[in-house]
Amino acid sequence: MSTAVQSHDPHPATEPSYLVSKRGLMSWLVTVDHKRLGLMYLASVMFFFLIAGILAIALRTELFTPDQDFMSAQTYNQVFTLHGAIMVFLFIIPSVPAALGNFLLPLMLGAKDVAFPRLNLLSFYVYSVAAVFLIVAILTSGLDTGWTFYTPYSTSTGTAVITATTGVFIAGFSSILTGLNFVVTVHKMRAPGMNWNRMPLFVWAIYSTAVIQVLATPVLAITLLLLIIERSLGIGIFDPAMGGDPVLFQHFFWFYSHPAVYIMILPGFGIISEIITVHSRKHIFGYKAIALSSVAIAVISFVVWGHHLFVSGQSELAGVLFSFLTFAVGVPTAIKVFSWVATLYKGSIQYNTACWYGMAFLWTFTVGGLTGLPLSTLAIDVHLHDTYFVVAHFHYVMVGGTVVAFIGGLHHWWPKMTGKMFNETAGKIGCLLVFIGFNVTFMTQFFLGHQGMPRRYYAYLPEYQTMHQVSTIGSWILAAGLLWTLIYLVHSLFKGEKAPSNPWGGVSLEWETQSPPIEHNFHDTPHVHGSPYDFPEIDKSGGSAHH
Amino acid sequence: MLFSLLIAPAAAEAALPPSNPGTPPMSDSPWSLLPAASANAEALDSLYIFFWILCGIAFVGMIGVQAYFMWKYKKPAEGHAKTSPLTHNGKLEFIWSAIPTFFFVILFAWGEIEYMKQVTPPPDAMDVRVTGQKWSWTIEYPEVKGCSLTNDLYVPVGQPMRLTMTSLDVIHSFYLPAFRLKKDVVPGRYTVLWFEATKPGLYPLMCTEYCGDEHSSMVGRVHVVAQEEYDAVLAKACELKQGDTESTEDFGARVVTRGGCASCHTTDGTVKTGPSFKGLFGKTETLSDGSTVTVDENYIRESILEPNAKIVSGFSPQMPSFAGRFDDKQIAALIAYIKAQK
């Protein structure tokens with residue numbers, strides 16, 4: 001064990017957990033406890049995941065035949081826009097950082113809370129207001145611009161662009177405030193003895209993410225503000241009819257939204273590092289390489305946005321530079337994947353549900369990463385750009401990467417968060433359904449894409465029908481797996497066995513406290529003496545040890 | 001999966017050149033059933049195959065090692081095995097950083113070289129003008145006076161073509177999958193796309209930048225014909241005059257095809273972005289300002305030349321003007337055609 005266990009715990013184990021230490025609705029609505037806020041975020045993001053998931057199934061079902069089935073063109077366009085916008089802005093971006101990050105960051109650092117607990121509460125309400133704006137936009141006149149809001153379409157369409165972009169604009173502030181809070185927390189709130197090299201990799205990942213959130217999100221805010229100004233005041237910024245430049249919008253938008261891809265995936269990387277070490281009883285392979293590659297990815301992510309504009313008419317020189325820089329992101333990403341696989345070497349791997357998700361992640365994320373290569377290759381991207389190949393690629397990264405890691409992390413820390421154990425067999429069935437359904441849905445789309453099937457078509461050439469049908473059936477399997485997972489997790493809240501404080505034998509600080517933790521996390525401030533991956537099973541007798 | 005093409009509404013078949021068998025060639029490339037019909041497509045397929053082999057090896061290698069470790073280092077039934085104290089290995093980490101870097105540089109450089117060829121049209125390329133609008137492509141040949149086609153691009157085999165493209169409304173993207181080429185079509189500026197078709201045939205043309213309701217219908221055809229037939233085929237395709245034995249309604253049907261009207265107006269009563277032609281003539285419509293209008297010859301003529309003058313309630317002003325595109329005889333035939341859709 002890396003941390004000093006308090007030899008004489010003066011506090012009885014019966015101290016109430018954070019869930020019951022205060023009671024009543026108001027105690028939740030005005031809570032400044034990072035754990036309660038984490039749970040509130042978790043409930044919110046799961047709600048939006050469900051909504052956007054239902055929209056996705058509707059889209060896939062419409063695509064079962066080449067012709068229009070049960071959705072009109074306008075409906076289809078609104079549904080794919082809402083699917084994307086809700087998934088990105090209300091689910092994936094806040095999923096790991098705001099839900100799991102909020103809950104775990106202070107626990108992993110040995111702190112009582114985040115640096116600014118009231119700001120944390122404010123972030124949640126800012127996020128809620130943003131969600132209300134998006135819901136109002138849906139209920140009034142919908143939104144049909146795609147989640148990317150490209151001009152001049154978005155400045156000319158009759159749908160609720162201003163309401164929706166205001167929602168995204170506000171959501172950005174929630175993201176910035178949370179990021180700021182986390183950066184300060186990591187710098188200032190680490191337990192005694194926890195130097196930067198002793199932080200769990202999940203903390204490194206959340207830290208890198210928070211830095212990007214603080215630096216990139218303001219650019220999105222500015223861009224959307226310009227869009228709102230153009231639409232409401234008729235000042236020409238992006239619309240060529242008013243003297244603006246539509247491609248300028250794409251530069252601004254992707255200057256945020258490409259780093260945002262790493263806001264979405266870096267926290268997933270952090271989860272995988274924790275899952276693989278704990279369940280294989282091994283020290284992470286290449287701690288520094290993994291930690292620094294997160295930072296490298298965060299830095300390089302700011303200079304690759306132009307790969308979204310290879311066919312937009314941007315200069316050839318810009319295309320070449322962005323292509324080169326995009327390949328540069330591939331190197332730290334490859335290092336991470338290799339390090340995770342190497343961590344399994346001579347481990348003692350315990351296959352429970354969280355570990356299954358970790359193993360599934362290595363498959364799906366590797367596919368997502370490798371299929372980024374042809375998209376970085378200029379000449380090939382010209383063919384694949386805006387086809388289903390891109391759709392498949394980013395779903396492998398966002399769903400196969402982030403969402404698989406998120407669900408894995410949810411299982412890994414579920415006992416800590418809720419104090420309840422879920423049924424492992426049910427968990428493995430869910431993981432298998434998700435893995436199979438996901439791969440059937442999106443592997444097919446790589447083939448559709450390189451055969452030329454464009455994105456965002458509600459009706460398509462009959463030649464593509466077979467593959468579309470396979471993909472649609474896959475999406476039903478995926479949906480079944482996710483629903484199944486929701487059901488047994490909720491079931492465990494009421495009928496699950498009581499969780500011990502450390503069900504998997506983790507040695508990072510969150511496992512030192514009881515499950516669920518007490519309101520102030522630890523009875524006494526923990527002291528850290530070593531690595532968060534120093535498991536008792538590691539054979540220290542051999543002469544081959546490096547350290 | 002044959003690209004037995006496509007879409008093609010029945011009316012377009014009249015425009016097929018006699019030399020064309022009606023189906024595009026099957027691909028001779030093992031990785032795709034999509035035909036490779038330009039010099040660029042053939043060059044790109046080699047690069048693409050290289051990528052798949054490279055990634056195939058990387059993926060199988062990585063997942064193979066993972067699967068082996070997963071099997072080999074499974075936890076024993078009772079308790080835990082002692083695990084390795086290994087924390088890092090500088091040499092190994094250097095190797096697995098260097099090898100991907102090496103292949104990334106190859107992919108980058110190869111892609112860059114091919115891309116430069118894609119964006120540099122040769123000086124002897126033949127010019128074509130392309131205009132994107134919601135939701136059709138207008139193709140114009142500067143060398144054939146007054147020739148304006150909709151959704152049909154004719155090119156001679158072996159002749160470099162240079163497309164100068166712009167948009168009348170929002171951003172579209174001109175995509176020729178069989179040529180492995182696309183380029184955004186942006187309002188307020190020109191973008192250029194060039195290619196040299198290598199195989200006669202009929203290939204799809206699609207919009208790949210989301211542009212609104214009928215984005216999915218913004219699909220056209222590329223007719224690649226032999227050099228010696230090209231002039232005659234193009235002249236025939238460009239001609240839009242009533243034939244001696246052709247009825248006015250039949251001629252009107254050809255005008256409808258040429259105008260790309262079907263992407264918004266159906267003839268079976270289905271309402272898309274514009275009203276259906278079925279039963280339209282003689283109807284009394286309520287306009288967006290509350291007044292009413294009877295759909296007669298004058299209203300149809302005005303709607304073609306000044307589409308946004310009187311918008312029927314429930315529709316939005318989306319239609320481009322056809323003033324200058326259609327002459328009086330063509331408009332008269334179009335009206336006759338709409339009249340016949342009872």
# chains A, B, ... in the order shown; residues from 1 in each chain; ligands from 1
$ select_by_dssp --residues "region 16-210 of chain B" --states "alpha helix (DSSP H)" --output "compact mmCIF listing (two decimals) with C-alpha atoms, in the first residue's frame"
# COMPACT_ATOMS: atom_id res chain seq x y z
CA ALA B 39 -6.21 8.78 -63.27
CA ASN B 40 -6.47 10.13 -59.74
CA ALA B 41 -8.63 7.23 -58.57
CA GLU B 42 -6.13 4.67 -59.79
CA ALA B 43 -3.20 6.43 -58.12
CA LEU B 44 -5.13 6.87 -54.91
CA ASP B 45 -6.23 3.26 -54.70
CA SER B 46 -2.59 2.18 -54.47
CA LEU B 47 -2.06 4.48 -51.52
CA TYR B 48 -5.29 3.31 -49.96
CA ILE B 49 -4.32 -0.36 -50.29
CA PHE B 50 -0.95 0.47 -48.72
CA PHE B 51 -2.79 2.04 -45.80
CA TRP B 52 -5.06 -0.99 -45.31
CA ILE B 53 -2.12 -3.42 -45.35
CA LEU B 54 -0.20 -1.26 -42.89
CA CYS B 55 -3.15 -0.85 -40.55
CA GLY B 56 -4.15 -4.46 -40.92
CA ILE B 57 -0.71 -5.55 -39.72
CA ALA B 58 -0.71 -2.99 -36.90
CA PHE B 59 -4.20 -3.95 -35.76
CA VAL B 60 -3.74 -7.71 -35.92
CA GLY B 61 -0.34 -7.36 -34.22
CA MET B 62 -1.65 -5.24 -31.40
CA ILE B 63 -4.86 -7.14 -30.79
CA GLY B 64 -2.91 -10.38 -31.13
CA VAL B 65 -0.49 -9.39 -28.37
CA GLN B 66 -3.40 -8.16 -26.25
CA ALA B 67 -5.31 -11.41 -26.72
CA TYR B 68 -2.21 -13.45 -25.90
CA PHE B 69 -1.60 -11.49 -22.69
CA MET B 70 -5.28 -11.72 -21.79
CA TRP B 71 -5.15 -15.49 -22.10
CA LYS B 72 -1.67 -16.03 -20.64
CA GLY B 90 13.18 3.02 -22.41
CA LYS B 91 14.43 1.01 -25.37
CA LEU B 92 11.02 -0.53 -26.05
CA GLU B 93 9.28 2.82 -25.69
CA PHE B 94 11.70 4.41 -28.13
CA ILE B 95 11.12 1.66 -30.68
CA TRP B 96 7.34 1.84 -30.49
CA SER B 97 7.47 5.61 -30.86
CA ALA B 98 9.90 5.52 -33.77
CA ILE B 99 8.19 2.85 -35.87
CA PRO B 100 4.79 4.59 -36.07
CA THR B 101 6.56 7.91 -36.68
CA PHE B 102 8.41 6.36 -39.64
CA PHE B 103 5.21 5.06 -41.24
CA PHE B 104 3.33 8.27 -40.49
CA VAL B 105 5.97 10.21 -42.43
CA ILE B 106 5.56 7.85 -45.39
CA LEU B 107 1.76 8.17 -45.35
CA PHE B 108 2.01 11.93 -45.00
CA ALA B 109 4.51 12.35 -47.84
CA TRP B 110 2.69 9.99 -50.21
CA GLY B 111 -0.60 11.72 -49.47
CA GLU B 112 0.98 15.12 -49.99
CA ILE B 113 2.46 14.16 -53.37
CA GLU B 114 -0.86 12.79 -54.65
CA TYR B 115 -2.73 15.77 -53.24
CA MET B 116 -0.50 18.21 -55.13
CA LYS B 117 -1.39 16.38 -58.34
CA GLN B 118 -5.08 16.57 -57.40
$ residues_around --residues "Trp504 (chain A)" --least-positions-apart "2" --cutoff "9 Å" --atoms "only C-alpha atoms" --output "PyMOL selection string"
chain A and resi 278-279+412+502+506+511
$ closest_residue --among "A:Ala360, A:Leu344, A:Leu483, A:Met87" --to "Pro85 (chain B)" --atoms "only C-alpha atoms"
A:Leu344
$ closest_residue --among "B:Gly269, B:Gly212, B:Gly201, B:Pro160" --to "chain A" --atoms "only C-alpha atoms"
B:Gly212
$ closest_residue --among "A:Lys188, A:His34, A:His258, A:Arg231" --to "Val219 (chain A)" --atoms "only C-alpha atoms"
A:His258
$ residues_around --residues "Leu82 (chain A)" --least-positions-apart "3" --cutoff "10 Å" --atoms "only C-alpha atoms" --output "MDAnalysis selection string"
chainID A and resid 51:52 55:56 76:79 85:88 134:135 137:138 142:147 164
$ closest_residue --among "B:Lys183, B:Arg162, B:Arg301, B:Lys134" --to "chain A" --atoms "only C-alpha atoms"
B:Lys183
$ closest_residue --among "B:Met126, B:Val224, B:Met319, B:Leu168" --to "chain A" --atoms "only C-alpha atoms"
B:Leu168
$ decode --residues "region 150-294 of chain A" --atoms "C-alpha atoms" --output "mmCIF file, in the first residue's frame"
data_model
loop_
_atom_site.group_PDB
_atom_site.id
_atom_site.type_symbol
_atom_site.label_atom_id
_atom_site.label_comp_id
_atom_site.auth_asym_id
_atom_site.auth_seq_id
_atom_site.Cartn_x
_atom_site.Cartn_y
_atom_site.Cartn_z
ATOM 1 C CA TYR A 150 -21.955 25.814 -40.640
ATOM 2 C CA THR A 151 -22.610 29.200 -42.212
ATOM 3 C CA PRO A 152 -24.241 30.479 -44.348
ATOM 4 C CA TYR A 153 -26.775 27.673 -43.897
ATOM 5 C CA SER A 154 -27.120 28.439 -40.190
ATOM 6 C CA THR A 155 -27.605 32.146 -40.826
ATOM 7 C CA SER A 156 -30.319 31.546 -43.420
ATOM 8 C CA THR A 157 -32.372 28.613 -42.112
ATOM 9 C CA GLY A 158 -35.686 29.323 -40.426
ATOM 10 C CA THR A 159 -35.101 27.128 -37.383
ATOM 11 C CA ALA A 160 -34.210 28.071 -33.803
ATOM 12 C CA VAL A 161 -30.514 28.683 -34.358
ATOM 13 C CA ILE A 162 -30.223 31.583 -31.922
ATOM 14 C CA THR A 163 -31.868 29.735 -29.039
ATOM 15 C CA ALA A 164 -29.764 26.645 -29.629
ATOM 16 C CA THR A 165 -26.442 28.449 -30.031
ATOM 17 C CA THR A 166 -27.216 30.476 -26.910
ATOM 18 C CA GLY A 167 -27.602 27.150 -25.130
ATOM 19 C CA VAL A 168 -24.249 25.926 -26.418
ATOM 20 C CA PHE A 169 -22.688 29.298 -25.552
ATOM 21 C CA ILE A 170 -23.914 28.926 -21.951
ATOM 22 C CA ALA A 171 -22.843 25.282 -21.763
ATOM 23 C CA GLY A 172 -19.369 26.524 -22.654
ATOM 24 C CA PHE A 173 -19.238 28.623 -19.492
ATOM 25 C CA SER A 174 -20.077 25.590 -17.404
ATOM 26 C CA SER A 175 -17.212 23.804 -19.118
ATOM 27 C CA ILE A 176 -14.795 26.690 -18.500
ATOM 28 C CA LEU A 177 -15.735 27.016 -14.814
ATOM 29 C CA THR A 178 -15.381 23.295 -14.211
ATOM 30 C CA GLY A 179 -12.019 23.266 -16.017
ATOM 31 C CA LEU A 180 -10.744 26.200 -14.004
ATOM 32 C CA ASN A 181 -11.861 24.564 -10.783
ATOM 33 C CA PHE A 182 -10.066 21.333 -11.647
ATOM 34 C CA VAL A 183 -6.813 23.045 -12.671
ATOM 35 C CA VAL A 184 -6.654 24.889 -9.354
ATOM 36 C CA THR A 185 -7.662 21.777 -7.440
ATOM 37 C CA VAL A 186 -4.844 19.728 -8.960
ATOM 38 C CA HIS A 187 -2.300 22.457 -8.314
ATOM 39 C CA LYS A 188 -3.347 23.297 -4.780
ATOM 40 C CA MET A 189 -5.255 20.472 -3.132
ATOM 41 C CA ARG A 190 -2.977 17.433 -3.417
ATOM 42 C CA ALA A 191 -2.502 15.496 -0.184
ATOM 43 C CA PRO A 192 0.875 15.736 1.532
ATOM 44 C CA GLY A 193 3.416 13.576 -0.298
ATOM 45 C CA MET A 194 1.469 13.475 -3.561
ATOM 46 C CA ASN A 195 3.903 15.046 -5.991
ATOM 47 C CA TRP A 196 3.109 15.235 -9.707
ATOM 48 C CA ASN A 197 4.656 11.828 -10.350
ATOM 49 C CA ARG A 198 2.408 10.187 -7.771
ATOM 50 C CA MET A 199 -0.886 11.397 -9.174
ATOM 51 C CA PRO A 200 -3.143 8.711 -10.640
ATOM 52 C CA LEU A 201 -3.231 8.909 -14.447
ATOM 53 C CA PHE A 202 -6.931 9.688 -14.311
ATOM 54 C CA VAL A 203 -5.976 12.915 -12.551
ATOM 55 C CA TRP A 204 -3.393 13.697 -15.234
ATOM 56 C CA ALA A 205 -6.031 13.132 -17.909
ATOM 57 C CA ILE A 206 -8.616 15.312 -16.175
ATOM 58 C CA TYR A 207 -5.947 17.969 -15.673
ATOM 59 C CA SER A 208 -4.983 18.020 -19.378
ATOM 60 C CA THR A 209 -8.658 18.132 -20.278
ATOM 61 C CA ALA A 210 -9.302 21.015 -17.914
ATOM 62 C CA VAL A 211 -6.475 23.029 -19.476
ATOM 63 C CA ILE A 212 -8.004 22.565 -22.933
ATOM 64 C CA GLN A 213 -11.455 23.466 -21.616
ATOM 65 C CA VAL A 214 -10.190 26.727 -20.189
ATOM 66 C CA LEU A 215 -8.182 27.705 -23.265
ATOM 67 C CA ALA A 216 -10.380 26.517 -26.154
ATOM 68 C CA THR A 217 -13.958 27.015 -25.009
ATOM 69 C CA PRO A 218 -13.810 30.847 -25.121
ATOM 70 C CA VAL A 219 -13.133 30.594 -28.862
ATOM 71 C CA LEU A 220 -16.364 28.648 -29.315
ATOM 72 C CA ALA A 221 -18.180 31.264 -27.261
ATOM 73 C CA ILE A 222 -16.813 34.060 -29.459
ATOM 74 C CA THR A 223 -17.688 32.181 -32.638
ATOM 75 C CA LEU A 224 -21.253 31.500 -31.576
ATOM 76 C CA LEU A 225 -21.638 35.068 -30.403
ATOM 77 C CA LEU A 226 -20.556 36.293 -33.850
ATOM 78 C CA LEU A 227 -23.090 33.929 -35.394
ATOM 79 C CA ILE A 228 -25.840 35.243 -33.139
ATOM 80 C CA ILE A 229 -24.853 38.847 -33.959
ATOM 81 C CA GLU A 230 -24.947 38.101 -37.674
ATOM 82 C CA ARG A 231 -28.368 36.475 -37.480
ATOM 83 C CA SER A 232 -30.017 38.986 -35.198
ATOM 84 C CA LEU A 233 -28.412 42.259 -36.313
ATOM 85 C CA GLY A 234 -27.634 41.455 -39.946
ATOM 86 C CA ILE A 235 -23.947 42.330 -39.611
ATOM 87 C CA GLY A 236 -21.976 40.469 -42.282
ATOM 88 C CA ILE A 237 -19.325 38.270 -40.721
ATOM 89 C CA PHE A 238 -19.782 34.857 -42.286
ATOM 90 C CA ASP A 239 -22.493 35.324 -44.912
ATOM 91 C CA PRO A 240 -20.990 36.234 -48.308
ATOM 92 C CA ALA A 241 -24.243 37.962 -49.283
ATOM 93 C CA MET A 242 -23.378 40.529 -46.593
ATOM 94 C CA GLY A 243 -19.658 40.619 -47.356
ATOM 95 C CA GLY A 244 -18.662 37.899 -44.908
ATOM 96 C CA ASP A 245 -16.620 34.745 -45.326
ATOM 97 C CA PRO A 246 -18.383 31.412 -44.679
ATOM 98 C CA VAL A 247 -15.127 29.465 -44.418
ATOM 99 C CA LEU A 248 -13.956 31.761 -41.608
ATOM 100 C CA PHE A 249 -16.693 30.238 -39.475
ATOM 101 C CA GLN A 250 -15.268 26.770 -40.063
ATOM 102 C CA HIS A 251 -11.825 27.920 -38.933
ATOM 103 C CA PHE A 252 -13.240 29.463 -35.759
ATOM 104 C CA PHE A 253 -15.547 26.557 -35.074
ATOM 105 C CA TRP A 254 -12.895 23.866 -35.436
ATOM 106 C CA PHE A 255 -10.319 25.867 -33.525
ATOM 107 C CA TYR A 256 -12.498 24.967 -30.557
ATOM 108 C CA SER A 257 -14.128 21.792 -31.715
ATOM 109 C CA HIS A 258 -11.005 19.902 -32.591
ATOM 110 C CA PRO A 259 -9.475 20.396 -29.140
ATOM 111 C CA ALA A 260 -12.960 19.483 -27.911
ATOM 112 C CA VAL A 261 -12.437 16.041 -29.416
ATOM 113 C CA TYR A 262 -9.602 15.660 -26.924
ATOM 114 C CA ILE A 263 -11.770 17.135 -24.172
ATOM 115 C CA MET A 264 -13.974 14.154 -24.925
ATOM 116 C CA ILE A 265 -11.334 11.410 -25.255
ATOM 117 C CA LEU A 266 -8.528 12.321 -22.796
ATOM 118 C CA PRO A 267 -10.639 11.598 -19.693
ATOM 119 C CA GLY A 268 -11.465 8.228 -21.260
ATOM 120 C CA PHE A 269 -7.735 7.527 -21.517
ATOM 121 C CA GLY A 270 -7.455 8.282 -17.811
ATOM 122 C CA ILE A 271 -10.186 5.789 -16.935
ATOM 123 C CA ILE A 272 -8.552 3.057 -19.000
ATOM 124 C CA SER A 273 -5.217 3.573 -17.221
ATOM 125 C CA GLU A 274 -6.959 3.035 -13.873
ATOM 126 C CA ILE A 275 -9.034 0.052 -14.974
ATOM 127 C CA ILE A 276 -6.168 -1.829 -16.607
ATOM 128 C CA THR A 277 -3.767 -1.416 -13.692
ATOM 129 C CA VAL A 278 -6.194 -2.278 -10.914
ATOM 130 C CA HIS A 279 -7.674 -5.307 -12.645
ATOM 131 C CA SER A 280 -4.320 -6.696 -13.817
ATOM 132 C CA ARG A 281 -2.562 -5.979 -10.497
ATOM 133 C CA LYS A 282 0.285 -4.288 -12.333
ATOM 134 C CA HIS A 283 2.054 -0.962 -12.157
ATOM 135 C CA ILE A 284 1.156 1.042 -15.253
ATOM 136 C CA PHE A 285 3.748 0.603 -17.983
ATOM 137 C CA GLY A 286 5.373 3.931 -18.870
ATOM 138 C CA TYR A 287 3.734 6.239 -16.325
ATOM 139 C CA LYS A 288 5.643 9.273 -17.526
ATOM 140 C CA ALA A 289 5.064 8.482 -21.197
ATOM 141 C CA ILE A 290 1.311 8.186 -20.618
ATOM 142 C CA ALA A 291 1.100 11.312 -18.461
ATOM 143 C CA LEU A 292 3.201 13.428 -20.811
ATOM 144 C CA SER A 293 1.497 12.090 -23.919
ATOM 145 C CA SER A 294 -1.775 13.464 -22.492
#
